>>> print(open('start.csv').read())   # CSV, C-alpha atoms
chain,number,residue,atom,x,y,z
W,6,SER,CA,15.3,16.7,29.7
W,7,ASP,CA,12.4,16.2,27.3
W,8,ARG,CA,11.2,13.3,29.5
W,9,GLU,CA,11.2,15.4,32.6
W,10,ARG,CA,9.4,18.2,30.8
W,11,LEU,CA,6.7,15.8,29.7
W,12,GLU,CA,6.3,14.2,33.1
W,13,ARG,CA,5.8,17.6,34.6
W,14,MET,CA,2.9,18.1,32.2
W,15,GLY,CA,1.3,14.9,33.5
W,16,VAL,CA,2.3,12.7,30.6
W,17,ARG,CA,2.8,9.0,31.5
W,18,ILE,CA,5.8,7.5,29.7
W,19,HIS,CA,6.2,3.7,29.0
W,20,PRO,CA,9.5,3.1,27.2
W,21,ILE,CA,9.1,0.4,24.5
W,22,GLU,CA,12.0,-0.7,22.3
W,23,ILE,CA,10.9,-1.1,18.6
W,24,ALA,CA,13.3,-2.1,15.9
W,25,ARG,CA,13.5,-0.1,12.7
W,26,SER,CA,13.1,-3.2,10.6
W,27,PRO,CA,9.8,-5.1,10.5
W,28,TYR,CA,11.9,-8.3,10.3
W,29,VAL,CA,13.6,-8.0,13.6
W,30,LEU,CA,11.0,-10.4,15.0
W,31,ARG,CA,12.2,-10.9,18.5
W,32,ASP,CA,12.3,-7.2,19.5
W,33,ASN,CA,9.1,-6.4,17.7
W,34,GLN,CA,7.2,-9.4,19.2
W,35,LYS,CA,8.3,-8.2,22.6
W,36,ALA,CA,7.1,-4.6,21.7
W,37,LEU,CA,3.7,-6.0,20.5
W,38,LYS,CA,3.2,-7.8,23.8
W,39,GLN,CA,4.1,-4.7,25.8
W,40,ILE,CA,1.6,-2.5,23.8
W,41,LEU,CA,-1.1,-5.2,24.1
W,42,LYS,CA,-0.7,-5.0,27.9
W,43,LEU,CA,-0.9,-1.2,27.9
W,44,ILE,CA,-4.1,-1.3,25.8
W,45,GLU,CA,-5.7,-3.9,28.2
W,46,LEU,CA,-4.7,-1.8,31.2
W,47,TYR,CA,-5.7,1.6,30.1
W,48,HIS,CA,-8.6,1.0,27.5
W,49,PHE,CA,-7.5,4.0,25.4
W,50,ASP,CA,-10.0,6.1,23.6
W,51,ILE,CA,-7.4,7.1,21.0
W,52,LEU,CA,-4.2,5.4,19.9
W,53,HIS,CA,-2.0,7.6,17.8
W,54,CYS,CA,1.0,5.9,16.2
W,55,HIS,CA,4.0,7.1,14.2
W,56,THR,CA,6.9,5.5,12.2
W,57,PRO,CA,6.4,2.6,9.9
W,58,VAL,CA,7.3,-0.3,12.2
W,59,GLY,CA,6.0,1.3,15.4
W,60,ALA,CA,2.7,2.0,13.7
W,61,MET,CA,2.5,-1.5,12.3
W,62,ILE,CA,2.9,-3.0,15.7
W,63,ALA,CA,0.5,-0.6,17.4
W,64,ARG,CA,-2.2,-1.2,14.8
W,65,LEU,CA,-1.9,-5.0,15.1
W,66,ALA,CA,-2.1,-4.6,18.9
W,67,ALA,CA,-5.2,-2.5,18.6
W,68,ILE,CA,-7.3,-4.9,16.5
W,69,LYS,CA,-9.6,-5.9,19.3
W,70,ALA,CA,-9.6,-2.5,20.9
W,71,ARG,CA,-11.0,-0.9,17.7
W,72,LYS,CA,-14.0,-3.2,17.9
W,73,LYS,CA,-14.6,-1.8,21.4
W,74,GLY,CA,-14.4,1.8,20.2
W,75,THR,CA,-10.7,2.8,20.3
W,76,HIS,CA,-9.9,5.2,17.4
W,77,VAL,CA,-6.6,4.5,15.7
W,78,ILE,CA,-4.7,7.4,14.1
W,79,TYR,CA,-1.5,6.9,12.1
W,80,THR,CA,0.6,9.9,11.1
W,81,ALA,CA,2.9,8.9,8.2
W,82,HIS,CA,5.9,11.1,8.4
W,83,GLY,CA,6.8,10.2,4.8
W,84,PHE,CA,6.2,6.8,3.3
W,85,HIS,CA,9.4,4.8,2.7
W,86,PHE,CA,8.1,3.9,-0.8
W,87,PHE,CA,7.8,6.8,-3.2
W,88,LYS,CA,8.7,7.8,-6.7
W,89,GLY,CA,12.4,7.0,-7.1
W,90,ALA,CA,12.7,4.9,-3.9
W,91,PRO,CA,14.7,1.6,-4.1
W,92,LEU,CA,12.7,-1.5,-5.1
W,93,LEU,CA,13.4,-3.1,-1.8
W,94,ASN,CA,11.5,-0.3,0.0
W,95,TRP,CA,8.5,-1.0,-2.1
W,96,LEU,CA,8.7,-4.8,-1.5
W,97,ILE,CA,9.1,-4.3,2.3
W,98,TYR,CA,7.1,-1.3,3.3
W,99,PHE,CA,4.2,-1.0,0.8
W,100,PRO,CA,2.6,-4.4,1.6
W,101,VAL,CA,2.9,-3.6,5.3
W,102,GLU,CA,1.3,-0.1,5.0
W,103,TRP,CA,-1.4,-1.5,2.6
W,104,VAL,CA,-2.5,-4.2,5.0
W,105,CYS,CA,-2.3,-2.0,8.1
W,106,SER,CA,-4.4,0.7,6.4
W,107,PHE,CA,-7.4,-1.6,6.9
W,108,LEU,CA,-6.7,-1.4,10.6
W,109,THR,CA,-6.6,2.5,10.6
W,110,ASP,CA,-9.4,4.9,11.3
W,111,THR,CA,-7.5,8.1,10.4
W,112,LEU,CA,-4.4,8.2,8.2
W,113,ILE,CA,-2.6,11.6,8.3
W,114,THR,CA,0.0,12.4,5.6
W,115,ILE,CA,2.3,15.4,5.7
W,116,ASN,CA,3.1,16.0,2.0
W,117,HIS,CA,1.1,16.2,-1.1
W,118,GLU,CA,2.7,13.2,-2.8
W,119,ASP,CA,1.9,10.8,0.1
W,120,TYR,CA,-1.6,12.2,0.4
W,121,ALA,CA,-2.4,11.6,-3.3
W,122,PHE,CA,-0.9,8.1,-3.1
W,123,ALA,CA,-2.8,7.2,0.1
W,124,LYS,CA,-6.1,8.5,-1.3
W,125,LYS,CA,-5.7,6.1,-4.3
W,126,HIS,CA,-4.2,3.0,-2.6
W,127,MET,CA,-4.8,3.0,1.1
W,128,HIS,CA,-8.0,1.9,2.9
W,129,ALA,CA,-8.1,3.9,6.2
W,130,LYS,CA,-11.6,5.2,7.0
W,131,LYS,CA,-10.3,8.7,6.7
W,132,ILE,CA,-7.2,10.1,5.0
W,133,GLU,CA,-6.1,13.6,5.8
W,134,TYR,CA,-3.4,16.0,4.8
W,135,VAL,CA,-1.6,18.1,7.5
W,136,PRO,CA,1.3,20.2,6.4
W,137,GLY,CA,3.9,18.7,8.7
W,138,VAL,CA,4.4,19.1,12.5
W,139,GLY,CA,5.4,22.8,12.1
W,140,ILE,CA,8.3,24.7,13.7
W,141,ASP,CA,8.5,27.1,16.5
W,142,LEU,CA,8.8,30.6,15.0
W,143,ASP,CA,9.2,32.1,18.5
W,144,LYS,CA,12.5,30.2,18.6
W,145,PHE,CA,13.8,30.2,15.1
W,146,GLY,CA,14.7,33.3,13.1
W,147,VAL,CA,13.8,35.9,15.8
W,148,SER,CA,16.8,36.2,18.2
W,149,SER,CA,20.2,37.7,17.5
W,150,VAL,CA,23.3,35.6,18.4
W,151,ASN,CA,26.9,36.4,18.8
W,152,VAL,CA,28.2,34.8,15.6
W,153,SER,CA,31.9,35.4,16.4
W,154,GLU,CA,31.5,33.8,19.8
W,155,ILE,CA,29.8,30.7,18.4
W,156,ARG,CA,32.4,30.3,15.6
W,157,GLU,CA,35.2,30.7,18.1
W,158,ALA,CA,33.7,28.0,20.4
W,159,LEU,CA,33.6,25.6,17.4
W,160,SER,CA,37.1,26.7,16.1
W,161,ILE,CA,35.7,28.0,12.8
W,162,PRO,CA,37.9,30.8,11.4
W,163,ASP,CA,36.0,34.1,10.5
W,164,ASP,CA,37.3,34.0,7.0
W,165,LYS,CA,36.0,30.5,6.2
W,166,VAL,CA,32.5,29.4,5.1
W,167,TRP,CA,30.6,27.6,7.8
W,168,MET,CA,28.2,24.8,6.5
W,169,LEU,CA,25.8,23.3,9.0
W,170,ASN,CA,23.9,20.0,8.8
W,171,VAL,CA,21.4,18.8,11.4
W,172,GLY,CA,20.2,15.2,11.6
W,173,GLU,CA,20.5,11.7,13.0
W,174,LEU,CA,23.7,10.0,11.9
W,175,ILE,CA,22.0,7.3,9.8
W,176,PRO,CA,22.4,6.2,6.1
W,177,ARG,CA,19.1,8.0,5.1
W,178,LYS,CA,20.6,11.4,6.2
W,179,ASN,CA,23.5,10.9,3.8
W,180,GLN,CA,26.1,13.0,5.7
W,181,GLU,CA,28.9,10.9,4.1
W,182,LEU,CA,28.2,12.8,0.9
W,183,LEU,CA,28.8,16.1,2.5
W,184,ILE,CA,32.1,15.0,4.1
W,185,ARG,CA,33.4,13.7,0.9
W,186,ALA,CA,32.2,16.7,-1.1
W,187,ILE,CA,34.1,19.3,1.0
W,188,ALA,CA,37.3,17.2,1.3
W,189,ASP,CA,38.9,19.2,-1.6
W,190,ILE,CA,37.2,22.6,-0.7
W,191,SER,CA,39.5,24.1,1.9
W,192,GLU,CA,37.3,27.2,2.3
W,193,ILE,CA,34.5,25.2,3.9
W,194,TYR,CA,34.1,24.1,7.5
W,195,LEU,CA,31.4,21.6,8.2
W,196,THR,CA,29.6,20.9,11.5
W,197,ILE,CA,27.0,18.1,11.8
W,198,ALA,CA,24.7,18.2,14.8
W,199,GLY,CA,23.2,14.9,15.7
W,200,ARG,CA,24.0,11.4,16.9
W,201,GLY,CA,23.3,7.9,15.6
W,202,GLU,CA,24.5,4.5,14.4
W,203,LEU,CA,27.1,5.9,11.9
W,204,GLN,CA,29.0,8.0,14.5
W,205,GLU,CA,32.1,5.8,14.5
W,206,GLN,CA,32.0,5.2,10.7
W,207,LEU,CA,31.9,9.0,10.0
W,208,GLU,CA,34.6,9.7,12.6
W,209,ASN,CA,36.9,7.2,10.8
W,210,MET,CA,36.1,8.7,7.5
W,211,ILE,CA,37.0,12.2,8.8
W,212,ARG,CA,40.3,10.9,10.0
W,213,GLU,CA,41.1,9.0,6.8
W,214,LEU,CA,40.4,12.2,4.8
W,215,HIS,CA,42.5,14.3,7.2
W,216,LEU,CA,39.5,16.6,7.9
W,217,GLU,CA,39.6,16.7,11.7
W,218,GLU,CA,40.2,20.4,11.6
W,219,ARG,CA,37.4,21.2,9.2
W,220,VAL,CA,34.7,18.7,9.9
W,221,LYS,CA,33.2,18.3,13.4
W,222,LEU,CA,30.5,16.0,14.7
W,223,LEU,CA,28.8,18.0,17.4
W,224,GLY,CA,26.6,15.2,18.8
W,225,TYR,CA,23.2,16.1,20.4
W,226,ARG,CA,22.7,19.8,20.7
W,227,ASN,CA,20.0,21.9,22.4
W,228,ASP,CA,21.1,25.1,20.7
W,229,ILE,CA,20.1,24.3,17.1
W,230,SER,CA,18.4,27.7,16.7
W,231,ASP,CA,21.6,29.5,17.6
W,232,LEU,CA,23.7,27.3,15.2
W,233,CYS,CA,21.2,27.9,12.4
W,234,GLN,CA,21.4,31.7,13.0
W,235,ALA,CA,25.2,31.7,13.1
W,236,ALA,CA,26.1,29.3,10.2
W,237,ASP,CA,26.6,30.6,6.6
W,238,ILE,CA,24.9,27.7,4.7
W,239,PHE,CA,22.6,24.9,5.7
W,240,ALA,CA,23.2,21.6,3.9
W,241,PHE,CA,20.6,18.8,3.8
W,242,PRO,CA,21.5,15.9,1.4
W,243,SER,CA,18.9,13.3,2.7
W,244,LEU,CA,17.9,10.4,0.5
W,245,GLN,CA,14.4,10.4,1.9
W,246,GLU,CA,12.3,12.8,4.0
W,247,GLY,CA,8.6,13.2,4.8
W,248,LEU,CA,8.7,16.9,5.5
W,249,SER,CA,12.0,18.2,6.7
W,250,VAL,CA,11.7,20.0,10.0
W,251,ALA,CA,15.5,20.8,10.2
W,252,LEU,CA,15.3,22.3,6.8
W,253,MET,CA,12.4,24.5,7.6
W,254,GLU,CA,14.1,25.7,10.8
W,255,ALA,CA,17.1,26.8,8.8
W,256,MET,CA,14.8,28.5,6.3
W,257,ALA,CA,13.1,30.3,9.1
W,258,CYS,CA,16.6,31.7,10.1
W,259,GLY,CA,17.0,33.0,6.6
W,260,LYS,CA,19.9,30.6,5.7
W,261,PRO,CA,20.7,29.8,2.1
W,262,VAL,CA,20.1,26.0,1.7
W,263,VAL,CA,21.6,23.4,-0.5
W,264,CYS,CA,19.6,20.2,-0.4
W,265,SER,CA,18.8,17.0,-2.3
W,266,ALA,CA,15.9,17.2,-4.8
W,267,ILE,CA,13.6,14.8,-3.0
W,268,ARG,CA,10.0,14.7,-1.9
W,269,GLY,CA,9.8,16.4,1.4
W,270,ASN,CA,12.6,18.8,0.7
>>> encode(input="start.csv", output="structure tokens")
Amino acid sequence: SDRERLERMGVRIHPIEIARSPYVLRDNQKALKQILKLIELYHFDILHCHTPVGAMIARLAAIKARKKGTHVIYTAHGFHFFKGAPLLNWLIYFPVEWVCSFLTDTLITINHEDYAFAKKHMHAKKIEYVPGVGIDLDKFGVSSVNVSEIREALSIPDDKVWMLNVGELIPRKNQELLIRAIADISEIYLTIAGRGELQEQLENMIRELHLEERVKLLGYRNDISDLCQAADIFAFPSLQEGLSVALMEAMACGKPVVCSAIRGN
């Protein structure tokens, strides 16, 4: 597992449950106390945080530590407020990010839109642009796979078009759109690799649309590179992305891509 691999590298892991919403106060207060204890115990030189809510909690926890020399880095993997984002996103996430930017030594953005916005509106000591977290080109787009064998294992006929989607099953990834879109296109078989909170909802939709034969939820997979190599088309209809790793992996495999016209994609 990823955890075992990290532990073999000497990485200490302290699981902390952080809610996605900044307004789930009970869980996030508990997470804040846990992070405060870790900071007091280890006296970190650097605290590097990710995700809007996790970064908010970590930066609040590190207020005293920064005065003692701890350097706080925040990598924003795509601000939740952006041109075209729902008003609610702006009302919830922009004030949080703006206030927490005063508690940040280095803010890292991964796309040009976020970088330009941060330079103009955020107050971190340093604001940097890094073009994403990258992909492993030794893994994607270099090996040959047995396409017929993979298709057979997934029950995809050789004369049909295989469309692949990779992503967590959450509203932001918008897989419902794909499922509804191919309902009347009998030539397309769709596989979705990932798991998440919408698993049961999407399964019910597939049954209601009588698509059990043509749409398959694959769950967590550790062979994404093989799936990308074997599929005919990669589809990525996300509503919001920072910089799309799954999309870049498919591109590295030379797949034609159909995706939403959003920042990040």
>>> residues_around(input="start.csv", residues="Ala188 in chain W", least_positions_apart="6", cutoff="12 Å", atoms="all atoms listed in the file", output="list of chain:residue names")
W:Glu181, W:Leu182, W:Tyr194, W:Leu195, W:Met210, W:Ile211, W:Arg212, W:Glu213, W:Leu214, W:His215, W:Leu216, W:Glu217, W:Glu218, W:Arg219, W:Val220
>>> closest_residue(input="start.csv", among="W:Ala123, W:Cys233, W:Ile78, W:Val101", to="Asp50 in chain W", atoms="all atoms listed in the file")
W:Ile78
>>> residues_around(input="start.csv", residues="range 79-85 of chain W", least_positions_apart="6", cutoff="6 Å", atoms="all atoms listed in the file", output="number ranges by chain")
W: 53-55, 112-114, 247
>>> residues_around(input="start.csv", residues="Tyr225 in chain W", least_positions_apart="3", cutoff="12 Å", atoms="all atoms listed in the file", output="PDB file with C-alpha atoms, in the coordinates of the input")
ATOM      1  CA  VAL W 171      21.400  18.800  11.400  1.00  0.00           C
ATOM      2  CA  GLY W 172      20.200  15.200  11.600  1.00  0.00           C
ATOM      3  CA  GLU W 173      20.500  11.700  13.000  1.00  0.00           C
ATOM      4  CA  LEU W 174      23.700  10.000  11.900  1.00  0.00           C
ATOM      5  CA  THR W 196      29.600  20.900  11.500  1.00  0.00           C
ATOM      6  CA  ILE W 197      27.000  18.100  11.800  1.00  0.00           C
ATOM      7  CA  ALA W 198      24.700  18.200  14.800  1.00  0.00           C
ATOM      8  CA  GLY W 199      23.200  14.900  15.700  1.00  0.00           C
ATOM      9  CA  ARG W 200      24.000  11.400  16.900  1.00  0.00           C
ATOM     10  CA  GLY W 201      23.300   7.900  15.600  1.00  0.00           C
ATOM     11  CA  GLN W 204      29.000   8.000  14.500  1.00  0.00           C
ATOM     12  CA  LEU W 222      30.500  16.000  14.700  1.00  0.00           C
ATOM     13  CA  ASP W 228      21.100  25.100  20.700  1.00  0.00           C
ATOM     14  CA  ILE W 229      20.100  24.300  17.100  1.00  0.00           C
TER      15      ILE W 229
END
>>> residues_around(input="start.csv", residues="Ser265 in chain W", least_positions_apart="6", cutoff="9 Å", atoms="only C-alpha atoms", output="PDB file with C-alpha atoms, in the coordinates of the input")
ATOM      1  CA  ALA W 240      23.200  21.600   3.900  1.00  0.00           C
ATOM      2  CA  PHE W 241      20.600  18.800   3.800  1.00  0.00           C
ATOM      3  CA  PRO W 242      21.500  15.900   1.400  1.00  0.00           C
ATOM      4  CA  SER W 243      18.900  13.300   2.700  1.00  0.00           C
ATOM      5  CA  LEU W 244      17.900  10.400   0.500  1.00  0.00           C
ATOM      6  CA  GLN W 245      14.400  10.400   1.900  1.00  0.00           C
TER       7      GLN W 245
END
>>> closest_residue(input="start.csv", among="W:Ser26, W:Asn179, W:Asn151, W:Ser191", to="Val166 in chain W", atoms="all atoms listed in the file")
W:Ser191
>>> closest_residue(input="start.csv", among="W:Gln234, W:Asn170, W:Gln206, W:Asn94", to="Val147 in chain W", atoms="all atoms listed in the file")
W:Gln234
>>> atom_distance(input="start.csv", atom1="CA of His117 in chain W", atom2="CA of Gly137 in chain W")
10.5 Å
>>> decode(input="start.csv", residues="range 143-154 of chain W", atoms="all heavy atoms", output="PDB file, in the first residue's frame")
ATOM      1  N   ASP W 143       7.911   7.596 -16.908  1.00  0.00           N
ATOM      2  CA  ASP W 143       8.447   6.237 -16.992  1.00  0.00           C
ATOM      3  C   ASP W 143       7.338   5.207 -16.836  1.00  0.00           C
ATOM      4  O   ASP W 143       7.543   4.010 -17.051  1.00  0.00           O
ATOM      5  CB  ASP W 143       9.499   6.002 -15.897  1.00  0.00           C
ATOM      6  CG  ASP W 143      10.767   6.799 -16.144  1.00  0.00           C
ATOM      7  OD1 ASP W 143      11.103   7.015 -17.330  1.00  0.00           O
ATOM      8  OD2 ASP W 143      11.401   7.217 -15.160  1.00  0.00           O
ATOM      9  N   LYS W 144       6.165   5.677 -16.447  1.00  0.00           N
ATOM     10  CA  LYS W 144       5.033   4.779 -16.211  1.00  0.00           C
ATOM     11  C   LYS W 144       3.931   4.955 -17.248  1.00  0.00           C
ATOM     12  O   LYS W 144       3.278   3.990 -17.645  1.00  0.00           O
ATOM     13  CB  LYS W 144       4.468   5.043 -14.812  1.00  0.00           C
ATOM     14  CG  LYS W 144       3.350   4.125 -14.381  1.00  0.00           C
ATOM     15  CD  LYS W 144       2.938   4.426 -12.947  1.00  0.00           C
ATOM     16  CE  LYS W 144       1.822   3.494 -12.471  1.00  0.00           C
ATOM     17  NZ  LYS W 144       1.404   3.807 -11.085  1.00  0.00           N
ATOM     18  N   PHE W 145       3.729   6.192 -17.713  1.00  0.00           N
ATOM     19  CA  PHE W 145       2.635   6.483 -18.638  1.00  0.00           C
ATOM     20  C   PHE W 145       3.168   6.728 -20.042  1.00  0.00           C
ATOM     21  O   PHE W 145       4.031   7.570 -20.248  1.00  0.00           O
ATOM     22  CB  PHE W 145       1.825   7.695 -18.163  1.00  0.00           C
ATOM     23  CG  PHE W 145       0.978   7.414 -16.957  1.00  0.00           C
ATOM     24  CD1 PHE W 145       1.496   7.538 -15.687  1.00  0.00           C
ATOM     25  CD2 PHE W 145      -0.326   6.971 -17.105  1.00  0.00           C
ATOM     26  CE1 PHE W 145       0.727   7.257 -14.571  1.00  0.00           C
ATOM     27  CE2 PHE W 145      -1.112   6.679 -15.997  1.00  0.00           C
ATOM     28  CZ  PHE W 145      -0.580   6.823 -14.724  1.00  0.00           C
ATOM     29  N   GLY W 146       2.632   5.973 -20.988  1.00  0.00           N
ATOM     30  CA  GLY W 146       2.947   6.203 -22.395  1.00  0.00           C
ATOM     31  C   GLY W 146       4.179   5.508 -22.906  1.00  0.00           C
ATOM     32  O   GLY W 146       4.601   5.760 -24.031  1.00  0.00           O
ATOM     33  N   VAL W 147       4.774   4.612 -22.115  1.00  0.00           N
ATOM     34  CA  VAL W 147       6.013   3.980 -22.564  1.00  0.00           C
ATOM     35  C   VAL W 147       5.888   2.470 -22.754  1.00  0.00           C
ATOM     36  O   VAL W 147       6.614   1.875 -23.543  1.00  0.00           O
ATOM     37  CB  VAL W 147       7.172   4.251 -21.572  1.00  0.00           C
ATOM     38  CG1 VAL W 147       7.534   5.720 -21.581  1.00  0.00           C
ATOM     39  CG2 VAL W 147       6.815   3.794 -20.170  1.00  0.00           C
ATOM     40  N   SER W 148       4.970   1.839 -22.038  1.00  0.00           N
ATOM     41  CA  SER W 148       4.865   0.376 -22.118  1.00  0.00           C
ATOM     42  C   SER W 148       3.757  -0.028 -23.083  1.00  0.00           C
ATOM     43  O   SER W 148       2.817   0.722 -23.337  1.00  0.00           O
ATOM     44  CB  SER W 148       4.571  -0.211 -20.732  1.00  0.00           C
ATOM     45  OG  SER W 148       3.336   0.285 -20.240  1.00  0.00           O
ATOM     46  N   SER W 149       3.887  -1.226 -23.629  1.00  0.00           N
ATOM     47  CA  SER W 149       2.838  -1.773 -24.484  1.00  0.00           C
ATOM     48  C   SER W 149       1.982  -2.714 -23.646  1.00  0.00           C
ATOM     49  O   SER W 149       2.486  -3.393 -22.752  1.00  0.00           O
ATOM     50  CB  SER W 149       3.450  -2.538 -25.662  1.00  0.00           C
ATOM     51  OG  SER W 149       4.286  -3.580 -25.195  1.00  0.00           O
ATOM     52  N   VAL W 150       0.706  -2.722 -23.907  1.00  0.00           N
ATOM     53  CA  VAL W 150      -0.210  -3.574 -23.155  1.00  0.00           C
ATOM     54  C   VAL W 150      -0.996  -4.450 -24.113  1.00  0.00           C
ATOM     55  O   VAL W 150      -1.122  -4.145 -25.306  1.00  0.00           O
ATOM     56  CB  VAL W 150      -1.189  -2.722 -22.297  1.00  0.00           C
ATOM     57  CG1 VAL W 150      -0.430  -1.906 -21.275  1.00  0.00           C
ATOM     58  CG2 VAL W 150      -2.054  -1.824 -23.179  1.00  0.00           C
ATOM     59  N   ASN W 151      -1.535  -5.520 -23.589  1.00  0.00           N
ATOM     60  CA  ASN W 151      -2.384  -6.410 -24.369  1.00  0.00           C
ATOM     61  C   ASN W 151      -3.803  -5.859 -24.321  1.00  0.00           C
ATOM     62  O   ASN W 151      -4.555  -6.131 -23.381  1.00  0.00           O
ATOM     63  CB  ASN W 151      -2.319  -7.829 -23.805  1.00  0.00           C
ATOM     64  CG  ASN W 151      -3.006  -8.840 -24.711  1.00  0.00           C
ATOM     65  OD1 ASN W 151      -4.024  -8.540 -25.333  1.00  0.00           O
ATOM     66  ND2 ASN W 151      -2.449 -10.035 -24.783  1.00  0.00           N
ATOM     67  N   VAL W 152      -4.160  -5.071 -25.328  1.00  0.00           N
ATOM     68  CA  VAL W 152      -5.447  -4.386 -25.339  1.00  0.00           C
ATOM     69  C   VAL W 152      -6.603  -5.383 -25.327  1.00  0.00           C
ATOM     70  O   VAL W 152      -7.566  -5.228 -24.565  1.00  0.00           O
ATOM     71  CB  VAL W 152      -5.559  -3.457 -26.565  1.00  0.00           C
ATOM     72  CG1 VAL W 152      -6.951  -2.834 -26.638  1.00  0.00           C
ATOM     73  CG2 VAL W 152      -4.495  -2.373 -26.508  1.00  0.00           C
ATOM     74  N   SER W 153      -6.506  -6.424 -26.136  1.00  0.00           N
ATOM     75  CA  SER W 153      -7.596  -7.411 -26.206  1.00  0.00           C
ATOM     76  C   SER W 153      -7.816  -8.078 -24.859  1.00  0.00           C
ATOM     77  O   SER W 153      -8.959  -8.314 -24.440  1.00  0.00           O
ATOM     78  CB  SER W 153      -7.280  -8.464 -27.270  1.00  0.00           C
ATOM     79  OG  SER W 153      -7.241  -7.877 -28.549  1.00  0.00           O
ATOM     80  N   GLU W 154      -6.739  -8.364 -24.163  1.00  0.00           N
ATOM     81  CA  GLU W 154      -6.838  -9.022 -22.858  1.00  0.00           C
ATOM     82  C   GLU W 154      -7.515  -8.122 -21.838  1.00  0.00           C
ATOM     83  O   GLU W 154      -8.366  -8.573 -21.052  1.00  0.00           O
ATOM     84  CB  GLU W 154      -5.430  -9.406 -22.387  1.00  0.00           C
ATOM     85  CG  GLU W 154      -5.393 -10.256 -21.147  1.00  0.00           C
ATOM     86  CD  GLU W 154      -3.978 -10.658 -20.795  1.00  0.00           C
ATOM     87  OE1 GLU W 154      -3.449 -11.580 -21.437  1.00  0.00           O
ATOM     88  OE2 GLU W 154      -3.390 -10.029 -19.878  1.00  0.00           O
TER      89      GLU W 154
END
